[in-house]
Amino acid sequence: MDISILRLSHRIIRDKRVTTHLGLVGRAFCASRMYYSGDRDPSLEEKIRDVNERFGGGFEVIYVKDPLRLVKRWREDGGRVVHLTMYGIPLPDVLEEIRQCDKILVVVGGEKVPPVYFEVADYNVSITNQPHSEIAATAVFLDRLLGGKAFYQEFTGGKFRVVPSPRGKKLIRVG
């Protein structure tokens, strides 16, 4: 399954940590890439590249000027669009259907999401019907979608590997 994330309306001043953390969650939970729109942010892109260099993996961060065009092209190419919103259908009600998709674009908002995204999405999905973080929603969605696969994912390349430990932090240098 090919999974990508689209972060709408990134604002450098307000969202730099939120969007970075969204990318880190996507990377750790088995997504291949994160597209983002709004303000172009080379610092965001560099932070994710740095994590890939240190811990491996090929997660990409790609700026898109026209996110609606990306969504429409994604659907034309046979992919499915899952918009995470507190106004959607509860995830358990559509999870098995979404698992049948080969190519998924997970859309999350920044500022207020324009109504058109509710219309073009194949699925408007809620993690809960209460206000919450797009980072948390993405993590819960990906974990449920992939059934915990992230816990055993192995990243290639990188300079370090984390060694699971009941106490403390342990890294080994591998590259």
# chains A, B, ... in the order shown; residues from 1 in each chain; ligands from 1
>>> residues_around(residues="stretch 79-87 of chain A", least_positions_apart="5", cutoff="6 Å", atoms="only C-alpha atoms", output="number ranges by chain")
A: 74, 103-108, 121-126, 128-130
>>> residues_around(residues="A:Arg11", least_positions_apart="6", cutoff="8 Å", atoms="only C-alpha atoms", output="list in words")
Gly38, Asp39 and Gly110 of chain A
>>> write_last_selection(atoms="N, CA and C atoms", output="short mmCIF file (atom, residue, chain, number, x, y, z; two decimals), in the first residue's frame")
data_model
loop_
_atom_site.label_atom_id
_atom_site.label_comp_id
_atom_site.auth_asym_id
_atom_site.auth_seq_id
_atom_site.Cartn_x
_atom_site.Cartn_y
_atom_site.Cartn_z
N GLY A 38 0.68 25.94 1.03
CA GLY A 38 0.76 27.14 1.86
C GLY A 38 2.12 27.77 1.67
N ASP A 39 2.78 28.09 2.77
CA ASP A 39 4.11 28.70 2.70
C ASP A 39 5.17 27.63 2.42
N GLY A 110 -4.72 22.68 7.89
CA GLY A 110 -3.93 23.59 8.71
C GLY A 110 -4.93 24.56 9.29
#
>>> atom_distance(atom1="atom CA of A:Leu145", atom2="atom CA of A:Lys72")
22.7 Å
>>> atom_distance(atom1="atom CA of A:Val64", atom2="atom CA of A:Leu142")
22.3 Å
>>> atom_distance(atom1="atom CA of A:Leu24", atom2="atom CA of A:Ser43")
13.9 Å
